[in-house]
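**Student:** Right, I'll just put the structure down here and ask away after.
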Amino acid sequence: MIAAVVGMFAHWFDRKITARVQWRVGPPFFQPWYDFLKLLIKEVIVPEGAQKFTFLAAPLVSVASVSVVAALLIRTIVFPAETFIGDLIVVIYLLTIPSQALILGAFASGNPLASLGGSREMKLILSYELPFLLAILVPVVKAGETIRLGAILQYQGTEGAVIASVSGVISFVVVLLCMQAKLAKVPFDAPEAETEIMAGAYIEYSGAALGLFKLSQWMMMFVVPLFIMMLWIGAVNWRQTPLNIFFAALIYIGIILFMTLVRNTNVRLRIDQIMKFFWARVTPVAVIALILAFLGL
Amino acid sequence: MSVKLKALTKSIWVFHLAASPCNNCDIEILDLLTPRFDIERFGMQLVGSVRHADAILVTGSMNRKARIRLKRVIEQAPKPCFVIALGNCACTGEMFAPSYNQMKPLDEVVPVDAYIAGCPPKPEAMIMGVVALIEATLAAAKK
């Protein structure tokens with residue numbers, strides 16, 4: 001629930017900033033609510049030739065997995081000592097499920113443009129997932145090679161934030177780029193390129209199914225930055241004072257603002273350019289960050 | 001006013017259907033997105049797929065070939081969905097009405113919810129037309 005509400009806020013913020021950048025007024029504050037409600041009351045059309053079950057199950061799976069991630073993360077923040085070993089890996093896996101659901105749904109819809117979007121999404125996952133994992137390994141190494149989210153948070157509570165080191169800064173930049181791709185924002189929005197393949201993977205979705213996909217997208221806008229903040233800037237002790245929560249909110253808004261500005265000042269890359277960018281440029285940087293982390297920098 | 005209706009009228013996603021227009025109306029539609037008019041203030045968005053549409057803006061003079069395809073596209077839209085005839089061509093057929101390829105105004109092909117006249121209509125006229133449509137919908141729901 002929190003993820004949905006904050007995610008809707010993030011979506012509104014994103015659109016509003018975009019509008020301001022383009023010297024426009026922008027949508028009202030409750031716009032995502034209206035959009036979502038409206039999509040719920042619209043008719044759901046299952047196109048002829050579509051795999052009905054997969055087509056309709058994909059958005060549900062997407063929302064469900066993001067909700068689980070949100071619950072896990074918030075629980076970790078509130079009770080950092082009570083998490084289980086390996087929850088970091090669970091979160092990483094669950095974070096890829098929305099993209100996979102999108103691919104499945106796109107292929108199930110039987111629309112050529114949708115399957116084009118789906119295949120682009122697949123290549124996008126292949127491109128960003130490797131540097132994303134390498135960058136995540138940096139806080140893991142820093143926190144004494146633990147794969148428990150709570151332990152990483154606690155480590156940062158006592159030893160200072162991961163970002164306050166050379167490897168931390170480098171990997172943070174890498175992970176921000178990966179986040180941009182994970183949320184499929186310009187310049188990495190080839191899967192849903194509106195002007196060339198008409199919203200790509202979403203093309204055949206209508207009504208509530210589309211609404212659920214949008215909702216999971218908005219929730220991702222909360223979950224992924226939160227995840228990154230926990231791993232890199234976790235030193236903000238979430239439970240201590242209201243002021244710290246305020247700071248955390250500021251950092252979150254800062255990340256969203258950065259994302260929006262990047263999206264507004266860049267052009268869409270072709271999918272092969274995206275792959276080249278991530279594999280040839282970002283991955284080596286992530287590897288360097290990881291080596292530095294092992295050296296204790 | 002019910003929540004459903006409010007959500008519907010506050011977030012109209014527009015699909016732009018060009019049925020052999022001269023592109024004049026289409027350029028004016030794009031003007032709606034510019035800083036001067038900025039219809040995103042009202043929650044309106046141009047969408048790329050007819051499956052996402054709440055309103056379909058039809059421009060152009062429907063000739064014999066466009067008519068069949070136009071009907072098929074409009075049938076693909078999820079209901080409730082408004083159809084708006086934009087420009088003189090879509091409203092009446094304009095000067096192409098007596099032409100050899102069987103021109104028909106839009107309302108003889110599909111039911112139309114609103115007419116916006118002009119060649120091309122000004123962006124202000126389009127906003128007014130949509131506002132009139134919203135008001136009519138709300139008034140009809142009250143009865």
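Within each chain, counting starts at residue 1; across the structure tokens, chains are named A, B, ... in the order shown, with ligands numbered 1 upward in that order.
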Fewer than 4 positions away in the same chain doesn't count, so skip those; otherwise give me all residues within 6 Å of Gly93 of chain B, counting only C-alpha atoms, as a count of residues only.
**Tutor:** 4
**Student:** Extract, using only C-alpha atoms, all DNA, RNA and protein residues at most 9 Å from Ile45 of chain A, discarding same-chain residues fewer than 6 positions from it, and format them as a CSV table (one decimal) with C-alpha atoms, in the first residue's frame.
**Tutor:**
chain,number,residue,atom,x,y,z
A,204,GLU,CA,-2.8,-4.7,-26.5
A,205,TYR,CA,-3.5,-4.1,-22.8
A,206,SER,CA,-6.6,-2.2,-21.8
A,207,GLY,CA,-8.6,-1.4,-18.7
B,51,ARG,CA,-6.6,0.0,-26.5
B,76,GLN,CA,-11.2,-2.1,-30.8
B,77,ALA,CA,-11.4,0.6,-28.2
B,78,PRO,CA,-12.4,-0.4,-24.7
**Student:** Hey, could you make a per-residue contact list for chain B against chain A with 9 Å as the cut-off, showing the nearest pair of atoms and its distance in Å to one decimal, counting only C-alpha atoms, sorted by chain and number, as a Markdown table?
**Tutor:**
| residue | atom | partner | partner_atom | distance |
| --- | --- | --- | --- | --- |
| B:Val3 | CA | A:Leu37 | CA | 8.4 |
| B:Lys4 | CA | A:Lys38 | CA | 6.7 |
| B:Leu5 | CA | A:Lys38 | CA | 8.3 |
| B:Lys6 | CA | A:Tyr34 | CA | 7.7 |
| B:Ala7 | CA | A:Tyr34 | CA | 4.5 |
| B:Leu8 | CA | A:Lys38 | CA | 5.1 |
| B:Thr9 | CA | A:Lys38 | CA | 8.6 |
| B:Lys10 | CA | A:Tyr34 | CA | 6.3 |
| B:Ser11 | CA | A:Asp35 | CA | 5.5 |
| B:Ile12 | CA | A:Asp35 | CA | 8.3 |
| B:Trp13 | CA | A:Asp35 | CA | 8.9 |
| B:Leu33 | CA | A:Arg24 | CA | 8.9 |
| B:Thr34 | CA | A:Arg24 | CA | 7.4 |
| B:Pro35 | CA | A:Arg24 | CA | 4.5 |
| B:Arg36 | CA | A:Arg24 | CA | 7.5 |
| B:Phe37 | CA | A:Arg24 | CA | 8.4 |
| B:Asp38 | CA | A:Arg24 | CA | 6.2 |
| B:Ile39 | CA | A:Gly26 | CA | 8.3 |
| B:Glu40 | CA | A:Pro27 | CA | 5.3 |
| B:Arg41 | CA | A:Pro27 | CA | 4.4 |
| B:Phe42 | CA | A:Pro27 | CA | 6.5 |
| B:Gly43 | CA | A:Pro27 | CA | 5.7 |
| B:Met44 | CA | A:Pro27 | CA | 8.6 |
| B:Val47 | CA | A:Met198 | CA | 7.9 |
| B:Gly48 | CA | A:Met198 | CA | 4.6 |
| B:Ser49 | CA | A:Ile203 | CA | 5.6 |
| B:Val50 | CA | A:Ile203 | CA | 8.1 |
| B:Arg51 | CA | A:Ser206 | CA | 5.1 |
| B:His52 | CA | A:Ser206 | CA | 5.5 |
| B:Ala53 | CA | A:Ser206 | CA | 8.5 |
| B:Asp54 | CA | A:Lys42 | CA | 8.7 |
| B:Gln76 | CA | A:Ile45 | CA | 8.2 |
| B:Ala77 | CA | A:Ile45 | CA | 8.4 |
| B:Pro78 | CA | A:Glu43 | CA | 5.0 |
| B:Lys79 | CA | A:Glu43 | CA | 5.4 |
| B:Pro80 | CA | A:Lys42 | CA | 6.5 |
| B:Cys81 | CA | A:Lys42 | CA | 8.8 |
**Student:** Save the residues we just selected, C-alpha atoms, as a compact mmCIF listing (two decimals), in the first residue's frame?
**Tutor:**
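Generated output (again_27.txt):
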# COMPACT_ATOMS: atom_id res chain seq x y z
CA VAL B 3 -15.96 8.61 -8.13
CA LYS B 4 -16.04 6.59 -11.33
CA LEU B 5 -17.32 9.48 -13.37
CA LYS B 6 -14.85 11.87 -11.84
CA ALA B 7 -11.96 9.54 -12.64
CA LEU B 8 -13.21 9.13 -16.18
CA THR B 9 -13.57 12.82 -16.89
CA LYS B 10 -10.34 13.76 -15.12
CA SER B 11 -8.15 11.41 -17.09
CA ILE B 12 -9.07 11.32 -20.74
CA TRP B 13 -6.49 9.53 -22.84
CA LEU B 33 0.53 19.52 -25.99
CA THR B 34 2.67 22.63 -26.26
CA PRO B 35 3.32 24.94 -23.29
CA ARG B 36 0.70 27.44 -24.40
CA PHE B 37 -2.23 25.02 -24.17
CA ASP B 38 -0.83 22.05 -22.20
CA ILE B 39 -3.84 19.76 -21.93
CA GLU B 40 -1.94 17.58 -19.49
CA ARG B 41 -3.27 20.05 -16.92
CA PHE B 42 -6.63 18.32 -17.36
CA GLY B 43 -5.09 14.86 -17.26
CA MET B 44 -5.39 14.39 -21.00
CA VAL B 47 -1.66 7.60 -26.35
CA GLY B 48 -0.23 5.42 -29.07
CA SER B 49 -2.54 2.44 -28.86
CA VAL B 50 -6.29 2.46 -29.35
CA ARG B 51 -6.59 -0.02 -26.47
CA HIS B 52 -5.63 2.73 -24.05
CA ALA B 53 -8.01 5.31 -25.48
CA ASP B 54 -10.89 7.05 -23.70
CA GLN B 76 -11.21 -2.13 -30.85
CA ALA B 77 -11.40 0.60 -28.25
CA PRO B 78 -12.38 -0.42 -24.72
CA LYS B 79 -15.73 0.98 -23.61
CA PRO B 80 -16.65 3.58 -22.36
CA CYS B 81 -15.01 5.52 -25.15
**Student:** For a test of reading the model, state the distance in Å between atom CA of Leu46 of chain B and atom CA of Asp189 of chain A, rounded to one decimal.
**Tutor:**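 Interatomic distance, atom CA of Leu46 of chain B to atom CA of Asp189 of chain A: 17.6 Å.
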**Student:** To one decimal place in Å, what is the distance between atom CA of Ala10 of chain A and atom CA of Gln180 of chain A?
**Tutor:**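 Separating atom CA of Ala10 of chain A from atom CA of Gln180 of chain A is a distance of 14.0 Å.
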**Student:** From the set A:Ala161, A:Ala280, A:Ile2, A:Ile251, which residue has the shortest atom-to-atom contact distance to Ser127 of chain A, counting only C-alpha atoms?
**Tutor:** A:Ala280
**Student:** Would you mind listing what lies within 10 Å of Ile163 of chain A as a list in words, with only C-alpha atoms counted and same-chain residues fewer than 3 positions away left out?
**Tutor:**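 Selected residues are Val138, Pro139, Gln156, Gly160, Val166, Ser167, Gly168, Val169, Ile170, Ser171, Phe172, Val173, Met229, Leu231, Trp232, Ile233, Gly234 and Ala235 of chain A.
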**Student:** Can you write out the residues you just picked, keeping N, CA and C atoms, as a PDB file, in the first residue's frame?
**Tutor:**
ATOM      1  N   VAL A 138      29.163  -4.493  -4.266  1.00  0.00           N
ATOM      2  CA  VAL A 138      30.048  -3.577  -3.541  1.00  0.00           C
ATOM      3  C   VAL A 138      29.601  -3.385  -2.087  1.00  0.00           C
ATOM      4  N   PRO A 139      28.324  -2.999  -1.832  1.00  0.00           N
ATOM      5  CA  PRO A 139      27.897  -2.911  -0.429  1.00  0.00           C
ATOM      6  C   PRO A 139      27.998  -4.256   0.291  1.00  0.00           C
ATOM      7  N   GLN A 156      26.076  -0.161   8.069  1.00  0.00           N
ATOM      8  CA  GLN A 156      26.164   1.250   7.714  1.00  0.00           C
ATOM      9  C   GLN A 156      25.788   2.131   8.890  1.00  0.00           C
ATOM     10  N   GLY A 160      29.233   3.921   8.912  1.00  0.00           N
ATOM     11  CA  GLY A 160      29.075   4.974   7.924  1.00  0.00           C
ATOM     12  C   GLY A 160      28.598   4.411   6.593  1.00  0.00           C
ATOM     13  N   VAL A 166      35.396   5.436  -2.187  1.00  0.00           N
ATOM     14  CA  VAL A 166      35.625   5.544  -3.634  1.00  0.00           C
ATOM     15  C   VAL A 166      34.780   4.513  -4.380  1.00  0.00           C
ATOM     16  N   SER A 167      34.894   3.250  -3.939  1.00  0.00           N
ATOM     17  CA  SER A 167      34.146   2.203  -4.634  1.00  0.00           C
ATOM     18  C   SER A 167      32.646   2.439  -4.497  1.00  0.00           C
ATOM     19  N   GLY A 168      32.245   2.987  -3.340  1.00  0.00           N
ATOM     20  CA  GLY A 168      30.824   3.268  -3.124  1.00  0.00           C
ATOM     21  C   GLY A 168      30.295   4.271  -4.127  1.00  0.00           C
ATOM     22  N   VAL A 169      31.053   5.346  -4.343  1.00  0.00           N
ATOM     23  CA  VAL A 169      30.610   6.384  -5.276  1.00  0.00           C
ATOM     24  C   VAL A 169      30.496   5.810  -6.688  1.00  0.00           C
ATOM     25  N   ILE A 170      31.549   5.069  -7.104  1.00  0.00           N
ATOM     26  CA  ILE A 170      31.550   4.533  -8.471  1.00  0.00           C
ATOM     27  C   ILE A 170      30.372   3.586  -8.665  1.00  0.00           C
ATOM     28  N   SER A 171      30.187   2.681  -7.688  1.00  0.00           N
ATOM     29  CA  SER A 171      29.108   1.712  -7.868  1.00  0.00           C
ATOM     30  C   SER A 171      27.746   2.391  -7.778  1.00  0.00           C
ATOM     31  N   PHE A 172      27.661   3.489  -7.010  1.00  0.00           N
ATOM     32  CA  PHE A 172      26.383   4.201  -6.924  1.00  0.00           C
ATOM     33  C   PHE A 172      26.007   4.790  -8.276  1.00  0.00           C
ATOM     34  N   VAL A 173      26.995   5.361  -8.958  1.00  0.00           N
ATOM     35  CA  VAL A 173      26.724   5.901 -10.305  1.00  0.00           C
ATOM     36  C   VAL A 173      26.250   4.771 -11.227  1.00  0.00           C
ATOM     37  N   MET A 229      18.826   3.073  -1.868  1.00  0.00           N
ATOM     38  CA  MET A 229      19.128   3.896  -0.700  1.00  0.00           C
ATOM     39  C   MET A 229      19.533   3.030   0.485  1.00  0.00           C
ATOM     40  N   LEU A 231      20.975   0.151   0.393  1.00  0.00           N
ATOM     41  CA  LEU A 231      22.287  -0.465   0.215  1.00  0.00           C
ATOM     42  C   LEU A 231      23.417   0.539   0.265  1.00  0.00           C
ATOM     43  N   TRP A 232      23.153   1.780  -0.188  1.00  0.00           N
ATOM     44  CA  TRP A 232      24.266   2.724  -0.308  1.00  0.00           C
ATOM     45  C   TRP A 232      24.256   3.829   0.743  1.00  0.00           C
ATOM     46  N   ILE A 233      23.039   4.280   1.117  1.00  0.00           N
ATOM     47  CA  ILE A 233      22.973   5.434   2.013  1.00  0.00           C
ATOM     48  C   ILE A 233      22.316   5.010   3.323  1.00  0.00           C
ATOM     49  N   GLY A 234      22.395   3.732   3.631  1.00  0.00           N
ATOM     50  CA  GLY A 234      21.653   3.192   4.777  1.00  0.00           C
ATOM     51  C   GLY A 234      21.968   3.855   6.098  1.00  0.00           C
ATOM     52  N   ALA A 235      23.037   4.665   6.151  1.00  0.00           N
ATOM     53  CA  ALA A 235      23.441   5.249   7.420  1.00  0.00           C
ATOM     54  C   ALA A 235      22.376   6.147   8.014  1.00  0.00           C
TER      55      ALA A 235
END
**Student:** Please provide the set of residues having any atom within 6 Å of Leu86 of chain B, restricted to only C-alpha atoms, with same-chain residues fewer than 3 positions apart removed, written as a count of residues only.
**Tutor:** 4
**Student:** Would you pick out the contacts of Thr265 of chain A at 12 Å or less, using only C-alpha atoms, so that residues sharing its chain but fewer than 4 positions from it are not included, and give the list as a PyMOL selection string?
**Tutor:** chain A and resi 18+21-22+185-187+258-261
**Student:** Could you check how far atom CA of Ile84 of chain B sits from atom CA of Val46 of chain A, in Å to one decimal?
**Tutor:**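 Value for the atom CA of Ile84 of chain B-atom CA of Val46 of chain A distance: 24.8 Å.
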